[in-house]
Amino acid sequence: MTYWQRFKSYLALTKPKQTFLLVVTGAAGFGSVKCPIEYWGMSWAILGTLFLAVGGCTVFNMIYDRDIDQIMPRTSNRPLPAGDISLPNALLFASVLTATGVGWAFTIYPLYGWIILAGVFLDAIVYTVLLKRTTPFSIIYGGLSGGMPILAGRSLALGQIDLLGILLALAIVLWIPTHIMTFSIKYSDEYARAKIPTFPSTYGVDITRKIISWSTIFASLAMVTAGLLIGLEGYCLFFLILFSLVLSSMAVLSVVIHSLRLNYGLFKVASVYMLGCMLLFIFVQ
């Protein structure tokens, strides 16, 4: 294996697309209060701490789930089940990333560090280790961990936790089912083979579609409300409302028309929507 191939394998352990989106939410939380360009040093620190902490936490999850990843065709080519990286090296990598990210966060501001640490604990311990293999409601705690970066970023800028920060975190929490439940519908056979309880297998696909639809609609409402409270106006507010209406319409349509393709399309659009909202909040100041 070349150095480049090894680098790509280690990077794959961090799930870079997922980690990138969560890092951007942290920057958006900070940008909702202070200008990232003016506070460029702090902005880079947020990006660094979150990438390390979120990435390291993700590697721990990949380590713990390596047995079910090997069972599921969708995940069997990941670095650990494929044998590209040894378990001791993966553990060392995860430990260094997480400890560095969380430790660095505490040196910046204790509250910021505690929120990031809470996110790591909720994701790695509560969601992955304790609940993922026992109940479909584990995604609630996975969602809570996903909301921690944006709450951390805003709390760092303010020096405290406020209601708007909680609202922004709630929007992320409500977006999470669109991601997880869509995959649990699309790959229901694989999850069943790995004996992972999901909402489709427990409560049926129709109820799962409704949950995805309502969570998407409420996530859009939370984003629009946050935009108003942050002070968006003019074209920024117009496009936020417009895209929120488009996303909500797709969510309703996905319940009326039972189409896996439409469900997956909603997931993709919701991801782009969320990224767009985060970039909007970053540059609002």
# chains A, B, ... in the order shown; residues from 1 in each chain; ligands from 1
$ closest_atom_pairs --of "stretch 118-230 of chain A" --to "stretch 61-69 of chain A" --cutoff "9 Å" --atoms "only C-alpha atoms" --output "tab-separated table"
residue	atom	partner	partner_atom	distance
A:Asp123	CA	A:Asn61	CA	8.1
A:Ala124	CA	A:Asn61	CA	5.9
A:Ile125	CA	A:Asn61	CA	8.9
A:Thr128	CA	A:Asn61	CA	6.4
A:Val129	CA	A:Tyr64	CA	7.4
A:Tyr191	CA	A:Ile68	CA	8.7
A:Arg193	CA	A:Ile68	CA	8.8
A:Ala194	CA	A:Ile68	CA	5.5
A:Lys195	CA	A:Ile68	CA	8.4
A:Ile196	CA	A:Ile68	CA	8.6
$ closest_residue --among "A:Ser155, A:Asn77, A:Ser220, A:Thr202" --to "A:Phe30" --atoms "only C-alpha atoms"
A:Ser155
$ residues_around --residues "stretch 278-284 of chain A" --least-positions-apart "2" --cutoff "8 Å" --atoms "only C-alpha atoms" --output "list in words"
Val24, Thr25, Ala27, Ala28, Gly29, Phe30, Gly31, Ser32, Cys35, Pro36, Gly227, Leu232, Cys236, Met274, Leu275 and Gly276 of chain A
$ write_last_selection --atoms "N, CA and C atoms" --output "PDB file, in the first residue's frame"
ATOM      1  N   VAL A  24     -18.790  22.466   9.551  1.00  0.00           N
ATOM      2  CA  VAL A  24     -19.394  23.688   9.006  1.00  0.00           C
ATOM      3  C   VAL A  24     -20.496  24.195   9.924  1.00  0.00           C
ATOM      4  N   THR A  25     -21.259  23.294  10.550  1.00  0.00           N
ATOM      5  CA  THR A  25     -22.309  23.748  11.469  1.00  0.00           C
ATOM      6  C   THR A  25     -21.696  24.479  12.663  1.00  0.00           C
ATOM      7  N   ALA A  27     -18.915  26.225  12.610  1.00  0.00           N
ATOM      8  CA  ALA A  27     -18.531  27.542  12.104  1.00  0.00           C
ATOM      9  C   ALA A  27     -19.752  28.437  11.945  1.00  0.00           C
ATOM     10  N   ALA A  28     -20.890  27.842  11.555  1.00  0.00           N
ATOM     11  CA  ALA A  28     -22.125  28.608  11.397  1.00  0.00           C
ATOM     12  C   ALA A  28     -22.619  29.124  12.745  1.00  0.00           C
ATOM     13  N   GLY A  29     -22.496  28.307  13.773  1.00  0.00           N
ATOM     14  CA  GLY A  29     -22.890  28.750  15.103  1.00  0.00           C
ATOM     15  C   GLY A  29     -22.088  29.954  15.548  1.00  0.00           C
ATOM     16  N   PHE A  30     -20.776  29.903  15.292  1.00  0.00           N
ATOM     17  CA  PHE A  30     -19.911  31.033  15.634  1.00  0.00           C
ATOM     18  C   PHE A  30     -20.246  32.238  14.756  1.00  0.00           C
ATOM     19  N   GLY A  31     -20.463  31.997  13.449  1.00  0.00           N
ATOM     20  CA  GLY A  31     -20.755  33.077  12.513  1.00  0.00           C
ATOM     21  C   GLY A  31     -22.095  33.742  12.743  1.00  0.00           C
ATOM     22  N   SER A  32     -22.988  33.067  13.464  1.00  0.00           N
ATOM     23  CA  SER A  32     -24.281  33.687  13.772  1.00  0.00           C
ATOM     24  C   SER A  32     -24.149  34.806  14.798  1.00  0.00           C
ATOM     25  N   CYS A  35     -18.257  37.844  13.160  1.00  0.00           N
ATOM     26  CA  CYS A  35     -17.766  37.712  11.789  1.00  0.00           C
ATOM     27  C   CYS A  35     -16.559  36.775  11.757  1.00  0.00           C
ATOM     28  N   PRO A  36     -16.636  35.661  11.026  1.00  0.00           N
ATOM     29  CA  PRO A  36     -15.522  34.712  10.983  1.00  0.00           C
ATOM     30  C   PRO A  36     -14.245  35.305  10.399  1.00  0.00           C
ATOM     31  N   GLY A 227     -33.161  32.095  11.372  1.00  0.00           N
ATOM     32  CA  GLY A 227     -32.753  33.154  10.445  1.00  0.00           C
ATOM     33  C   GLY A 227     -33.362  34.490  10.799  1.00  0.00           C
ATOM     34  N   LEU A 232     -31.505  37.908   9.539  1.00  0.00           N
ATOM     35  CA  LEU A 232     -31.470  37.847   8.082  1.00  0.00           C
ATOM     36  C   LEU A 232     -32.570  38.718   7.495  1.00  0.00           C
ATOM     37  N   CYS A 236     -31.408  37.330   1.355  1.00  0.00           N
ATOM     38  CA  CYS A 236     -30.985  36.194   2.175  1.00  0.00           C
ATOM     39  C   CYS A 236     -32.191  35.529   2.835  1.00  0.00           C
ATOM     40  N   MET A 274     -29.219  22.107   4.168  1.00  0.00           N
ATOM     41  CA  MET A 274     -28.591  22.356   5.457  1.00  0.00           C
ATOM     42  C   MET A 274     -27.225  23.011   5.286  1.00  0.00           C
ATOM     43  N   LEU A 275     -26.459  22.538   4.306  1.00  0.00           N
ATOM     44  CA  LEU A 275     -25.152  23.145   4.050  1.00  0.00           C
ATOM     45  C   LEU A 275     -25.318  24.600   3.626  1.00  0.00           C
ATOM     46  N   GLY A 276     -26.321  24.866   2.775  1.00  0.00           N
ATOM     47  CA  GLY A 276     -26.583  26.238   2.343  1.00  0.00           C
ATOM     48  C   GLY A 276     -26.950  27.145   3.506  1.00  0.00           C
TER      49      GLY A 276
END
$ closest_residue --among "A:Ile108, A:Ile241, A:Leu174, A:Ile207" --to "A:Gly159" --atoms "only C-alpha atoms"
A:Ile108
$ select_by_dssp --residues "stretch 47-285 of chain A" --states "helix (DSSP H, G or I)" --output "PyMOL selection string"
chain A and resi 47-64+66-71+79-82+87-108+110-131+138-158+163-186+188-193+199-203+205-230+234-256+260-282
$ decode --residues "stretch 84-118 of chain A" --atoms "C-alpha atoms" --output "short mmCIF file (atom, residue, chain, number, x, y, z; two decimals), in the first residue's frame"
data_model
loop_
_atom_site.label_atom_id
_atom_site.label_comp_id
_atom_site.auth_asym_id
_atom_site.auth_seq_id
_atom_site.Cartn_x
_atom_site.Cartn_y
_atom_site.Cartn_z
CA ASP A 84 -6.57 -1.83 5.06
CA ILE A 85 -5.85 -0.59 8.59
CA SER A 86 -5.13 -2.69 11.67
CA LEU A 87 -7.23 -2.37 14.81
CA PRO A 88 -4.33 -1.10 17.03
CA ASN A 89 -3.47 1.60 14.48
CA ALA A 90 -7.11 2.65 14.20
CA LEU A 91 -7.42 2.86 17.99
CA LEU A 92 -4.28 4.99 18.21
CA PHE A 93 -5.54 7.23 15.41
CA ALA A 94 -8.94 7.69 17.06
CA SER A 95 -7.41 8.39 20.47
CA VAL A 96 -4.97 10.99 19.16
CA LEU A 97 -7.62 12.81 17.11
CA THR A 98 -10.25 12.86 19.86
CA ALA A 99 -7.91 13.75 22.73
CA THR A 100 -6.26 16.51 20.71
CA GLY A 101 -9.56 17.97 19.52
CA VAL A 102 -11.30 17.91 22.90
CA GLY A 103 -8.19 19.01 24.79
CA TRP A 104 -7.62 21.91 22.40
CA ALA A 105 -11.28 22.92 22.77
CA PHE A 106 -10.93 23.14 26.57
CA THR A 107 -7.89 25.41 26.22
CA ILE A 108 -9.94 27.79 24.05
CA TYR A 109 -12.93 28.03 26.40
CA PRO A 110 -14.13 25.48 29.01
CA LEU A 111 -17.82 25.67 28.03
CA TYR A 112 -16.88 25.07 24.41
CA GLY A 113 -14.84 22.04 25.47
CA TRP A 114 -17.63 20.59 27.60
CA ILE A 115 -20.17 20.85 24.78
CA ILE A 116 -17.83 19.11 22.34
CA LEU A 117 -17.04 16.44 24.93
CA ALA A 118 -20.78 15.93 25.47
#
